[in-house]
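Peer 1: The following block contains the structure, expressed as structure tokens.
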Amino acid sequence: ALAASVVAYAVQLIDPDAPSFDHVLRAIAYKHVSLGIRPEQYTIVGHYLLAAVADVLGDAVTPEVADAWSEVYWLFAMQLGAVESRIYTERSVDPAHPLRTYRVVRKIEEAHDIVSVVMEPIDDQPLPQITPGQYVSVFVDLPNGDRQPRQYTVSSTASGTRLQITVNRVRGTDGAPDGRVSSYLNDELSIGDELDVSVPAGDFIIDDDESPLLLASAGAGVTTVLPI
């Protein structure tokens with residue numbers, strides 16, 4: 001996904017007829033903000049991405065080719081970093097401390113393998129501004145010691161003091177394992193447990209509420225449409 005994004009960015013740099021890249025840039029920036037990505041991490045990613053490209057393509061990566069792709073990557077990184085910095089500032093988030101701790105106050109079994117988790121910030125401060133359609137990253141400390149983030153739509157803020165996500169358990173097929181995080185949130189998460197949660201992110205939102213609007217959805221995908 002990263003390599004494809006860099007290639008798409010390069011295409012729009014050289015092809016005046018290429019589709020606008022702005023919406024892709026915003027989507028990536030929002031995902032990065034939800035994960036707490038910091039500017040210095042681009043150096044690490046760039047080093048290993050370009051090394052991987054050279055390893056896979058071998059002699060095709062001449063010094064000139066390597067320099068060109070390095071320039072593209074850093075242009076991309078600088079532009080992403082600027083967008084992310086603006087989002088952090090708009091939401092009054094310190095990139096060095098992007099998460100808040102929430103306590104689980106309720107679990108609702110919505111359907112088979114689907115549970116809603118209702119949480120309150122433990123600092124007793126107001127909820128962040130949430131636009132219907134946005135998501136948060138939830139960081140889960142699994143029993144084996146792994147720490148895993150997953151993104152979930154904010155499915156309700158009806159109470160004004162509580163944040164709700166709705167989790168569809170991922171069932172493995174064709175020998176693949178079940179989703180570790182979704183299974184944990186369905187089966188093992190208990191009232192009183194605490195989770196680290198990011199600031200709301202994403203631009204799948206409705207800016208103009210005056211025009212007629214039709215939303216169609218099915219299955220667990222309805223969690224994005226319901227709050228809108």
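Identifiers in this document derive from the order of the structure tokens: chains are assigned A, B, ..., residues are numbered from 1 separately in each chain, and ligands are numbered from 1 in order of occurrence.
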If you count only C-alpha atoms, which residues fall within 9 Å of segment 73-83 of chain A, apart from same-chain ones fewer than 3 positions away, as an MDAnalysis selection string?
Peer 2: chainID A and resid 6 9:10 25:26 28:30 38:39 42:43 46 50 68:70 86:88
Peer 1: Write the residues you've just listed into a file as a compact mmCIF listing (two decimals), in the first residue's frame, and include N, CA and C atoms for each of them.
Peer 2:
# COMPACT_ATOMS: atom_id res chain seq x y z
N VAL A 6 3.19 5.90 -3.07
CA VAL A 6 4.31 6.69 -3.57
C VAL A 6 4.29 6.75 -5.09
N TYR A 9 1.58 9.08 -6.21
CA TYR A 9 2.03 10.46 -5.98
C TYR A 9 2.97 10.89 -7.09
N ALA A 10 3.89 10.01 -7.48
CA ALA A 10 4.84 10.33 -8.55
C ALA A 10 4.12 10.58 -9.87
N LEU A 25 -4.20 11.97 -0.28
CA LEU A 25 -3.30 12.58 0.69
C LEU A 25 -4.01 12.79 2.02
N ARG A 26 -5.23 13.31 1.97
CA ARG A 26 -5.99 13.55 3.22
C ARG A 26 -6.31 12.25 3.93
N ILE A 28 -4.68 9.41 3.88
CA ILE A 28 -3.47 8.87 4.52
C ILE A 28 -3.12 9.70 5.74
N ALA A 29 -3.21 11.02 5.61
CA ALA A 29 -2.87 11.89 6.74
C ALA A 29 -3.77 11.62 7.94
N TYR A 30 -5.06 11.45 7.70
CA TYR A 30 -5.97 11.14 8.81
C TYR A 30 -5.61 9.81 9.47
N ARG A 38 4.67 10.37 13.81
CA ARG A 38 5.45 11.59 14.04
C ARG A 38 6.40 11.82 12.86
N PRO A 39 6.81 13.09 12.63
CA PRO A 39 7.65 13.40 11.46
C PRO A 39 8.93 12.58 11.39
N TYR A 42 9.19 9.23 9.41
CA TYR A 42 9.31 9.17 7.96
C TYR A 42 10.74 8.82 7.54
N THR A 43 11.73 9.21 8.34
CA THR A 43 13.11 8.89 8.02
C THR A 43 13.34 7.39 8.05
N GLY A 46 11.37 5.76 5.09
CA GLY A 46 12.01 6.04 3.82
C GLY A 46 13.26 5.21 3.61
N LEU A 50 13.10 2.45 0.47
CA LEU A 50 13.99 2.58 -0.69
C LEU A 50 14.99 1.42 -0.75
N ALA A 68 15.99 9.62 -7.94
CA ALA A 68 14.69 10.15 -8.34
C ALA A 68 13.59 9.70 -7.38
N TRP A 69 13.59 8.41 -7.03
CA TRP A 69 12.56 7.91 -6.13
C TRP A 69 12.76 8.43 -4.71
N SER A 70 13.98 8.66 -4.32
CA SER A 70 14.23 9.28 -3.02
C SER A 70 13.63 10.68 -2.98
N ARG A 86 -1.16 20.10 10.50
CA ARG A 86 -2.34 20.97 10.55
C ARG A 86 -3.49 20.27 11.26
N ILE A 87 -3.67 18.97 11.01
CA ILE A 87 -4.75 18.22 11.68
C ILE A 87 -4.49 18.15 13.18
N TYR A 88 -3.25 17.85 13.57
CA TYR A 88 -2.92 17.81 14.99
C TYR A 88 -3.24 19.15 15.65
Peer 1: Per residue of segment 62-114 of chain A within 9 Å of segment 163-180 of chain A, what are the shortest atom pair and its distance in Å to one decimal, counting only C-alpha atoms, with rows by chain and residue number, as CSV?
Peer 2:
residue,atom,partner,partner_atom,distance
A:Tyr102,CA,A:Leu163,CA,8.8
A:Ile108,CA,A:Thr166,CA,8.9
A:Glu110,CA,A:Thr166,CA,8.4
A:His112,CA,A:Asn168,CA,8.9
A:Asp113,CA,A:Arg169,CA,5.2
A:Ile114,CA,A:Asn168,CA,4.5
Peer 1: Near Glu120 of chain A, counting only C-alpha atoms, which residues have an atom at most 7 Å away, once you skip same-chain residues fewer than 5 positions from it, shown as a PDB file with N, CA, C and O atoms, in the first residue's frame?
Peer 2:
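Written output follows (part_14.pdb):
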ATOM      1  N   TYR A 102      -9.521   5.655  27.874  1.00  0.00           N
ATOM      2  CA  TYR A 102     -10.955   5.563  28.114  1.00  0.00           C
ATOM      3  C   TYR A 102     -11.235   4.302  28.933  1.00  0.00           C
ATOM      4  O   TYR A 102     -10.544   3.295  28.789  1.00  0.00           O
ATOM      5  N   ARG A 103     -12.273   4.380  29.748  1.00  0.00           N
ATOM      6  CA  ARG A 103     -12.705   3.222  30.538  1.00  0.00           C
ATOM      7  C   ARG A 103     -14.005   2.668  29.945  1.00  0.00           C
ATOM      8  O   ARG A 103     -14.919   3.421  29.605  1.00  0.00           O
ATOM      9  N   VAL A 104     -14.066   1.358  29.817  1.00  0.00           N
ATOM     10  CA  VAL A 104     -15.268   0.710  29.289  1.00  0.00           C
ATOM     11  C   VAL A 104     -16.366   0.754  30.349  1.00  0.00           C
ATOM     12  O   VAL A 104     -16.168   0.300  31.485  1.00  0.00           O
ATOM     13  N   VAL A 105     -17.514   1.321  29.986  1.00  0.00           N
ATOM     14  CA  VAL A 105     -18.627   1.424  30.929  1.00  0.00           C
ATOM     15  C   VAL A 105     -19.819   0.554  30.533  1.00  0.00           C
ATOM     16  O   VAL A 105     -20.716   0.315  31.350  1.00  0.00           O
ATOM     17  N   THR A 161     -21.191  12.375  26.584  1.00  0.00           N
ATOM     18  CA  THR A 161     -20.036  12.157  27.459  1.00  0.00           C
ATOM     19  C   THR A 161     -19.380  10.806  27.203  1.00  0.00           C
ATOM     20  O   THR A 161     -18.351  10.514  27.796  1.00  0.00           O
ATOM     21  N   ARG A 162     -19.986   9.998  26.344  1.00  0.00           N
ATOM     22  CA  ARG A 162     -19.478   8.659  26.092  1.00  0.00           C
ATOM     23  C   ARG A 162     -19.238   8.465  24.604  1.00  0.00           C
ATOM     24  O   ARG A 162     -19.961   8.995  23.769  1.00  0.00           O
ATOM     25  N   LEU A 163     -18.215   7.695  24.300  1.00  0.00           N
ATOM     26  CA  LEU A 163     -17.854   7.376  22.924  1.00  0.00           C
ATOM     27  C   LEU A 163     -18.148   5.903  22.688  1.00  0.00           C
ATOM     28  O   LEU A 163     -17.809   5.061  23.515  1.00  0.00           O
TER      29      LEU A 163
END
Peer 1: Could you build a table of the residues in segment 80-138 of chain A lying no more than 8 Å from segment 147-153 of chain A, giving for each the nearest pair of atoms and their separation in Å rounded to one decimal place, using only C-alpha atoms, ordered by chain and ascending residue number, as a Markdown table?
Peer 2:
| residue | atom | partner | partner_atom | distance |
| --- | --- | --- | --- | --- |
| A:Gly133 | CA | A:Thr153 | CA | 6.7 |
| A:Gln134 | CA | A:Thr153 | CA | 5.9 |
| A:Tyr135 | CA | A:Thr153 | CA | 3.9 |
| A:Val136 | CA | A:Gln151 | CA | 5.5 |
| A:Ser137 | CA | A:Gln151 | CA | 4.3 |
| A:Val138 | CA | A:Pro149 | CA | 5.4 |
Peer 1: Mind listing the strand (DSSP E) residues of segment 6-189 of chain A, per DSSP on the backbone, as JSON, numbers by chain?
Peer 2: {"A": [100, 101, 102, 103, 104, 105, 106, 107, 108, 109, 110, 111, 114, 115, 116, 117, 118, 119, 120, 121, 135, 136, 137, 138, 139, 140, 141, 147, 148, 149, 150, 151, 152, 153, 154, 155, 156, 163, 164, 165, 166, 167, 168]}
Peer 1: Can you list, as a ChimeraX atom specification, all residues belonging to segment 51-188 of chain A that DSSP tags as helix (DSSP H, G or I)?
Peer 2: /A:51-60,63-90,180-187
Peer 1: Rounded to one decimal in Å, what is the spacing between atom CA of Pro143 of chain A and atom CA of Leu185 of chain A?
Peer 2: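 So the answer is 11.8 Å.
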Peer 1: In Å to one decimal, how far is atom CA of Leu99 of chain A from atom CA of Leu127 of chain A?
Peer 2: 12.6 Å
Peer 1: Using only C-alpha atoms, which protein or nucleic acid residues come within 10 Å of Tyr184 of chain A? Drop anything in the same chain fewer than 2 positions from it, and give the result as a PyMOL selection string.
Peer 2: chain A and resi 140-143+169+179-182+186-190
Peer 1: From the options A:Pro126, A:Pro212, A:Gly192, A:Pro98, which residue's atoms come nearest to Phe139 of chain A, counting only C-alpha atoms?
Peer 2: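 Of A:Pro126, A:Pro212, A:Gly192, A:Pro98, the one nearest Phe139 of chain A is A:Pro98, counting only C-alpha atoms.
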Peer 1: Considering only C-alpha atoms, return as a ChimeraX atom specification whatever protein or nucleic-acid residues lie within 12 Å of Ala52 of chain A, sequence-local ones (same chain, fewer than 6 positions apart) excluded.
Peer 2: /A:2-3,45-46,58,61,66
Peer 1: Atom CA of Leu195 of chain A and atom CA of Ala27 of chain A are how many Å apart?
Peer 2: 24.1 Å
